[in-house]
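This is start_36.cif (mmCIF, C-alpha atoms and all ligand atoms).
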data_structure
#
loop_
_atom_site.label_atom_id
_atom_site.label_comp_id
_atom_site.auth_asym_id
_atom_site.auth_seq_id
_atom_site.Cartn_x
_atom_site.Cartn_y
_atom_site.Cartn_z
CA MET A 134 -22.89 -33.34 21.13
CA PRO A 135 -21.83 -34.83 24.50
CA ALA A 136 -24.34 -36.87 26.49
CA GLY A 137 -26.23 -34.96 29.14
CA GLY A 138 -27.49 -32.03 27.08
CA PRO A 139 -26.43 -29.48 24.52
CA ALA A 140 -22.81 -28.35 24.47
CA ALA A 141 -22.18 -24.94 26.03
CA VAL A 142 -22.01 -22.25 23.38
CA ARG A 143 -18.40 -21.24 22.85
CA GLY A 144 -16.56 -19.46 20.19
CA VAL A 145 -16.08 -15.92 19.04
CA GLY A 146 -18.07 -14.03 16.43
CA ALA A 147 -17.11 -10.77 14.75
CA VAL A 148 -19.68 -8.24 13.54
CA VAL A 149 -18.29 -5.80 10.98
CA VAL A 150 -20.56 -2.78 10.48
CA ALA A 151 -20.36 -1.16 7.06
CA ALA A 152 -23.92 0.02 6.42
CA GLY A 153 -23.17 3.74 6.74
CA GLN A 154 -23.38 6.21 3.88
CA GLY A 155 -20.10 7.96 4.75
CA HIS A 156 -21.32 11.49 3.95
CA ARG A 157 -18.20 13.09 5.45
CA PHE A 158 -16.02 11.22 2.98
CA GLY A 159 -17.50 13.07 0.02
CA ALA A 160 -17.14 10.38 -2.69
CA SER A 161 -19.84 8.89 -4.92
CA ARG A 162 -19.78 5.63 -2.96
CA PRO A 163 -19.28 4.97 0.76
CA LYS A 164 -15.68 4.99 1.93
CA GLN A 165 -15.67 1.31 2.87
CA PHE A 166 -15.98 0.35 -0.82
CA VAL A 167 -13.28 2.67 -2.14
CA ASP A 168 -10.02 1.08 -3.34
CA LEU A 169 -7.14 1.03 -0.87
CA CYS A 170 -4.00 -0.22 -2.67
CA GLY A 171 -5.68 -3.06 -4.53
CA MET A 172 -8.54 -4.02 -2.22
CA PRO A 173 -11.65 -2.17 -1.06
CA VAL A 174 -11.21 -0.56 2.39
CA LEU A 175 -13.67 -3.05 3.88
CA ALA A 176 -11.84 -6.08 2.48
CA TRP A 177 -8.75 -5.39 4.62
CA SER A 178 -10.38 -5.92 8.00
CA LEU A 179 -12.53 -8.78 6.71
CA ARG A 180 -9.36 -10.57 5.61
CA THR A 181 -7.77 -10.15 9.04
CA LEU A 182 -10.88 -11.33 10.90
CA VAL A 183 -11.66 -14.29 8.61
CA ASN A 184 -8.04 -15.54 8.89
CA HIS A 185 -7.76 -15.02 12.65
CA PRO A 186 -7.55 -18.33 14.55
CA ASP A 187 -9.68 -17.00 17.45
CA ILE A 188 -12.61 -15.92 15.24
CA ASP A 189 -15.17 -18.60 14.37
CA ARG A 190 -17.83 -16.58 12.59
CA VAL A 191 -17.84 -13.24 10.71
CA VAL A 192 -21.04 -11.29 10.06
CA LEU A 193 -20.93 -8.29 7.73
CA VAL A 194 -23.64 -5.64 8.03
CA LEU A 195 -24.31 -3.76 4.79
CA SER A 196 -26.96 -1.27 3.74
CA PRO A 197 -30.14 -3.10 2.71
CA SER A 198 -29.53 -2.48 -1.00
CA ARG A 199 -25.95 -3.78 -0.87
CA ALA A 200 -26.93 -6.70 1.35
CA ALA A 201 -29.41 -7.72 -1.36
CA SER A 202 -26.54 -8.07 -3.86
CA PRO A 203 -23.28 -8.35 -1.88
CA PRO A 204 -19.96 -7.65 -3.62
CA ALA A 205 -18.33 -10.62 -5.35
CA TRP A 206 -15.00 -10.07 -3.59
CA LEU A 207 -16.25 -10.98 -0.10
CA PRO A 208 -14.16 -13.74 1.51
CA ASP A 209 -15.83 -17.15 1.80
CA GLY A 210 -17.79 -17.77 4.96
CA VAL A 211 -18.84 -14.17 5.62
CA LEU A 212 -22.54 -13.93 6.45
CA VAL A 213 -24.15 -10.71 5.13
CA VAL A 214 -27.12 -9.07 6.84
CA PRO A 215 -28.90 -5.73 6.20
CA GLY A 216 -28.25 -2.87 8.62
CA GLY A 217 -30.37 -0.01 9.93
CA VAL A 218 -30.66 3.76 10.07
CA PHE A 219 -28.20 4.28 12.93
CA ARG A 220 -24.96 2.47 13.69
CA ALA A 221 -26.52 0.89 16.80
CA ASP A 222 -29.29 -0.61 14.61
CA SER A 223 -26.68 -2.11 12.30
CA VAL A 224 -24.77 -3.59 15.24
CA ARG A 225 -27.94 -5.11 16.58
CA ALA A 226 -28.71 -6.73 13.20
CA GLY A 227 -25.27 -8.33 13.24
CA VAL A 228 -25.52 -9.45 16.85
CA GLU A 229 -28.91 -11.02 16.20
CA ALA A 230 -27.44 -12.99 13.30
CA LEU A 231 -25.01 -14.57 15.79
CA ALA A 232 -27.63 -15.29 18.44
CA GLY A 233 -27.00 -18.50 20.31
CA GLU A 234 -23.94 -19.32 18.18
CA VAL A 235 -21.08 -17.70 20.06
CA GLN A 236 -20.10 -16.77 23.59
CA THR A 237 -18.07 -13.68 22.72
CA VAL A 238 -18.75 -10.96 20.13
CA LEU A 239 -16.34 -8.44 18.64
CA VAL A 240 -17.86 -5.39 16.95
CA HIS A 241 -15.66 -3.70 14.35
CA ASP A 242 -16.14 -0.65 12.12
CA GLY A 243 -15.61 -1.52 8.46
CA ALA A 244 -14.01 1.92 8.15
CA ARG A 245 -10.93 0.67 10.09
CA PRO A 246 -8.98 -1.42 7.58
CA PHE A 247 -5.73 -1.87 9.49
CA VAL A 248 -6.89 -3.80 12.55
CA SER A 249 -4.02 -6.14 13.35
CA ALA A 250 -4.24 -9.81 14.33
CA ALA A 251 -2.45 -8.92 17.59
CA LEU A 252 -5.11 -6.35 18.47
CA VAL A 253 -7.89 -8.85 17.71
CA SER A 254 -6.18 -11.33 20.04
CA ARG A 255 -5.94 -8.75 22.86
CA VAL A 256 -9.62 -7.87 22.53
CA VAL A 257 -10.75 -11.50 22.36
CA GLU A 258 -8.77 -12.34 25.49
CA GLY A 259 -10.16 -9.34 27.36
CA ALA A 260 -13.74 -9.95 26.24
CA ARG A 261 -13.81 -13.41 27.79
CA ALA A 262 -13.92 -11.62 31.18
CA GLY A 263 -16.24 -8.73 30.22
CA PRO A 264 -16.68 -5.77 27.88
CA VAL A 265 -13.39 -4.34 26.62
CA VAL A 266 -12.35 -1.54 24.29
CA PRO A 267 -8.96 -0.73 22.73
CA VAL A 268 -7.72 2.75 23.60
CA ILE A 269 -4.91 5.17 22.78
CA ALA A 270 -3.62 7.83 25.16
CA VAL A 271 -4.26 11.42 24.06
CA GLU A 272 -0.94 13.11 23.29
CA ASP A 273 -2.26 16.53 22.22
CA THR A 274 -3.27 19.31 24.56
CA VAL A 275 -7.09 19.30 24.60
CA LYS A 276 -9.21 22.47 24.72
CA ARG A 277 -12.95 22.95 25.04
CA VAL A 278 -14.40 25.70 22.82
CA ASP A 279 -17.71 27.57 22.77
CA GLU A 280 -20.04 27.63 19.76
CA GLY A 281 -18.05 30.48 18.22
CA GLY A 282 -14.80 28.55 18.44
CA TRP A 283 -13.39 30.59 21.34
CA ILE A 284 -11.39 28.66 23.92
CA GLU A 285 -13.35 28.03 27.10
CA GLY A 286 -10.80 25.94 28.93
CA THR A 287 -8.17 23.23 28.91
CA VAL A 288 -9.16 19.64 29.60
CA PRO A 289 -6.63 17.60 31.61
CA ARG A 290 -5.57 14.82 29.24
CA GLU A 291 -3.99 12.30 31.62
CA ARG A 292 -7.12 10.17 31.83
CA LEU A 293 -8.48 10.81 28.33
CA ARG A 294 -8.36 8.00 25.79
CA ARG A 295 -9.20 7.74 22.11
CA VAL A 296 -11.33 4.67 21.52
CA GLN A 297 -11.03 2.21 18.63
CA THR A 298 -12.69 -0.94 17.40
CA PRO A 299 -12.94 -3.91 17.59
CA GLN A 300 -14.72 -3.71 20.93
CA GLY A 301 -15.36 -7.06 22.62
CA PHE A 302 -18.28 -8.29 24.71
CA PRO A 303 -19.67 -11.44 26.22
CA ALA A 304 -22.64 -12.13 23.90
CA GLU A 305 -24.97 -12.16 26.87
CA VAL A 306 -24.01 -8.56 27.76
CA LEU A 307 -24.61 -7.28 24.23
CA ASN A 308 -27.99 -9.00 24.11
CA ARG A 309 -28.90 -7.37 27.41
CA THR A 310 -27.94 -3.88 26.25
CA HIS A 311 -29.93 -4.24 23.04
CA ALA A 312 -32.95 -5.59 24.93
CA VAL A 313 -33.01 -2.39 27.01
CA ASP A 314 -32.79 -0.42 23.78
CA ASP A 315 -35.78 -2.40 22.46
CA ALA A 316 -37.78 -1.36 25.45
CA GLY A 317 -37.63 2.20 24.13
CA ALA A 318 -35.30 3.43 26.84
CA TRP A 319 -33.34 5.58 24.39
CA GLU A 320 -34.64 8.17 22.00
CA ALA A 321 -33.66 8.44 18.32
CA ARG A 322 -31.36 11.37 19.11
CA ASP A 323 -29.52 9.08 21.53
CA ALA A 324 -29.18 6.46 18.82
CA ALA A 325 -27.44 9.03 16.62
CA ALA A 326 -25.01 9.76 19.45
CA MET A 327 -24.21 6.07 19.98
CA THR A 328 -20.97 6.08 18.09
CA ASP A 329 -19.64 3.00 19.86
CA ASP A 330 -20.90 -0.06 21.67
CA ALA A 331 -19.31 0.40 25.06
CA LEU A 332 -21.64 3.40 25.52
CA LEU A 333 -24.58 1.03 25.90
CA CYS A 334 -22.74 -0.74 28.73
CA GLU A 335 -21.78 2.55 30.41
CA ARG A 336 -25.42 3.62 30.48
CA LEU A 337 -26.40 0.41 32.22
CA GLY A 338 -23.57 0.69 34.73
CA ILE A 339 -21.73 -2.34 33.31
CA ASP A 340 -17.95 -2.04 33.78
CA VAL A 341 -15.89 -1.74 30.60
CA ALA A 342 -12.17 -2.57 30.62
CA THR A 343 -9.52 -1.20 28.26
CA VAL A 344 -6.65 -2.79 26.35
CA GLU A 345 -3.89 -1.06 24.44
CA GLY A 346 -5.08 0.05 21.00
CA ASP A 347 -2.94 0.40 17.91
CA PRO A 348 -1.97 3.77 16.39
CA ALA A 349 -2.00 2.14 12.92
CA ASN A 350 -5.66 1.16 13.35
CA LEU A 351 -6.89 4.41 11.85
CA LYS A 352 -10.50 5.14 10.98
CA ILE A 353 -11.16 6.35 7.47
CA THR A 354 -13.58 9.26 7.65
CA THR A 355 -12.25 11.83 5.18
CA ALA A 356 -10.42 11.70 1.84
CA GLY A 357 -7.31 12.77 3.74
CA ASP A 358 -7.56 9.66 5.95
CA LEU A 359 -7.62 7.51 2.81
CA SER A 360 -4.49 9.24 1.48
CA LEU A 361 -2.78 8.55 4.80
CA ALA A 362 -3.86 4.88 4.68
CA ARG A 363 -2.46 4.53 1.14
CA ALA A 364 0.82 6.13 2.24
CA MET A 365 1.05 3.67 5.15
CA VAL A 366 0.74 0.70 2.77
CA GLN A 367 3.17 2.21 0.26
CA ALA A 368 5.71 2.84 3.05
CA GLY A 369 5.51 -0.83 4.04
CA LEU A 370 4.00 -0.10 7.48
CA ILE A 371 1.06 -2.39 6.64
CA ALA A 372 1.30 -5.70 4.75
CA ALA A 373 0.10 -5.06 1.19
CA ALA A 374 -2.98 -6.65 -0.39
CA ASN A 375 -2.44 -10.12 -1.88
O1 LIG A 401 -20.37 7.21 10.57
P1 LIG A 401 -19.24 6.50 11.24
O2 LIG A 401 -17.96 6.63 10.45
O3 LIG A 401 -19.06 6.83 12.68
O4 LIG A 401 -19.63 4.97 11.17
C1 LIG A 401 -18.86 3.98 11.82
C2 LIG A 401 -19.14 2.63 11.19
O5 LIG A 401 -20.51 2.28 11.39
C3 LIG A 401 -18.87 2.63 9.68
O6 LIG A 401 -18.17 1.44 9.36
C4 LIG A 401 -20.27 2.65 9.10
O7 LIG A 401 -20.38 2.01 7.84
C5 LIG A 401 -21.09 1.90 10.16
N1 LIG A 401 -22.52 2.27 10.16
C6 LIG A 401 -23.47 1.28 9.94
N2 LIG A 401 -24.81 1.60 9.91
C7 LIG A 401 -25.22 2.89 10.06
C8 LIG A 401 -24.26 3.90 10.29
C9 LIG A 401 -22.90 3.57 10.34
O8 LIG A 401 -23.11 0.10 9.77
N3 LIG A 401 -26.51 3.14 9.98
#
Show me the file's structure as structure tokens.
Ligand code: C5P
Amino acid sequence: MPAGGPAAVRGVGAVVVAAGQGHRFGASRPKQFVDLCGMPVLAWSLRTLVNHPDIDRVVLVLSPSRAASPPAWLPDGVLVVPGGVFRADSVRAGVEALAGEVQTVLVHDGARPFVSAALVSRVVEGARAGPVVPVIAVEDTVKRVDEGGWIEGTVPRERLRRVQTPQGFPAEVLNRTHAVDDAGAWEARDAAAMTDDALLCERLGIDVATVEGDPANLKITTAGDLSLARAMVQAGLIAAAN
């Protein structure tokens, strides 16, 4: 430590959330633990993050029962913590585990195995200046429907973006958003609707930037997504498991 006081906290931490039950996937175990061409789905993104030169610390959030006996295949150096009922609770558990250790935090869904090192680099660079999310332009025509499925209208797509993870934040900003959450500002039904982390910033009026996402960075939600992911590996679009 240099003379004159503690060193400024630097470094980048990654929180990987994988504490969900994955009900939409429809298998006996959550999708993040299902085999994807030789490695569990979750192991793919952990490998990328652990090996990335910009990432100093990786925290993995698992359901409390799995966190009590983590899988043997986890890469060395991954810190495991138990998650909560909603995704936002799990993120908070991971962020708290990094408290005071890093200046920048990336939050990644364990259900996205194919995050590339290049995308991690883009998000880390952006997050040094402020919150940042990777996005993809919407190519399809977008309609709004009523409860019966009848078309109500067409939504202009020019400014619509699909949002991915990892999302990056100065640690201080994430701590601030979760502190507001602690104060009971948001109801449980809001917590269920918090499907990403930038939403917390938006609600507080904190600007969120975007960087180019990656079409290969798919999220595995259904069995069909897993089939697509396997086909991508088999076609050589993604480097195979070691
Ligand atoms: O349910 P969904 O697919 O949107 O979840 C996104 C990510 O958040 C998944 O990786 C899931 O495991 C994680 N999650 C969590 N804790 C929860 C709910 C979801 O870590 N309580």
Next on the checklist: Taking all atoms listed in the file and a cut-off of 8 Å, can you tell me which residues surround ligand LIG 401 (chain A), written as a ChimeraX atom specification?
Outcome noted: /A:149-156,163,165,194-196,216-224,241-245,328,352-354
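If you look at CA of Arg190 (chain A) and CA of Asp330 (chain A), they are 19.1 Å away from each other.
The closest residue to Ser178 (chain A), picked from A:Ala270, A:Ala147, A:Leu370, A:Val275 and counting only C-alpha atoms, is A:Ala147.
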Mind running region 136-235 of chain A against region 250-259 of chain A at 8 Å and telling me each contacting residue's nearest atom pair with the distance in Å (one decimal), counting all atoms listed in the file, chain and number ascending, as a Markdown table?
| residue | atom | partner | partner_atom | distance |
| --- | --- | --- | --- | --- |
| A:Val145 | CA | A:Val257 | CA | 7.7 |
| A:Thr181 | CA | A:Ala250 | CA | 6.4 |
| A:Leu182 | CA | A:Ala250 | CA | 7.6 |
| A:His185 | CA | A:Ala250 | CA | 6.5 |
| A:Asp187 | CA | A:Ser254 | CA | 7.1 |
Checklist entry - Restricting the calculation to only C-alpha atoms, which member of A:Val271, A:Pro203, A:Ala331, A:Pro215 is positioned closest to Arg292 (chain A)? => result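 Of all the options, A:Val271 lies closest to Arg292 (chain A).
Between CA of Pro264 (chain A) and CA of Pro289 (chain A) the interatomic distance comes to 25.7 Å.
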Next on the checklist: Between CA of Ser198 (chain A) and CA of Pro246 (chain A), what distance in Å does the model show, to one decimal?
Outcome noted: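 Taking CA of Ser198 (chain A) and CA of Pro246 (chain A), their separation equals 22.3 Å.
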Next on the checklist: List the spatial neighbours of region 306-315 of chain A as a PyMOL selection string - criterion: any atom at most 12 Å away, only C-alpha atoms, same-chain residues fewer than 4 positions off excluded.
Outcome noted: chain A and resi 148+221-233+235-240+260-265+300-302+319-321+323-324+327+330-341
Item to check | Residues near Gln297 (chain A), cut-off 10 Å, all atoms listed in the file, skip fewer than 6 positions along chain, as number ranges by chain | outcome: A: 241-242, 245, 248, 266-269, 329, 345-348, 350-352
Item to check | All residues 9 Å or closer to Leu179 (chain A), all atoms listed in the file, same chain fewer than 4 positions away omitted, as a PyMOL selection string | outcome: chain A and resi 149+175+183-184+191+193+207-208+211+243+246
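Closest approach to Leu169 (chain A) among A:Gly286, A:Ala304, A:Ala342, A:Phe247: A:Phe247, based on all atoms listed in the file.
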Next on the checklist: Could you check the closest approach to Asp209 (chain A) for each of A:Ala176, A:Arg157, A:Pro186, A:Ser360 and tell me which residue wins, using all atoms listed in the file?
Outcome noted: A:Ala176
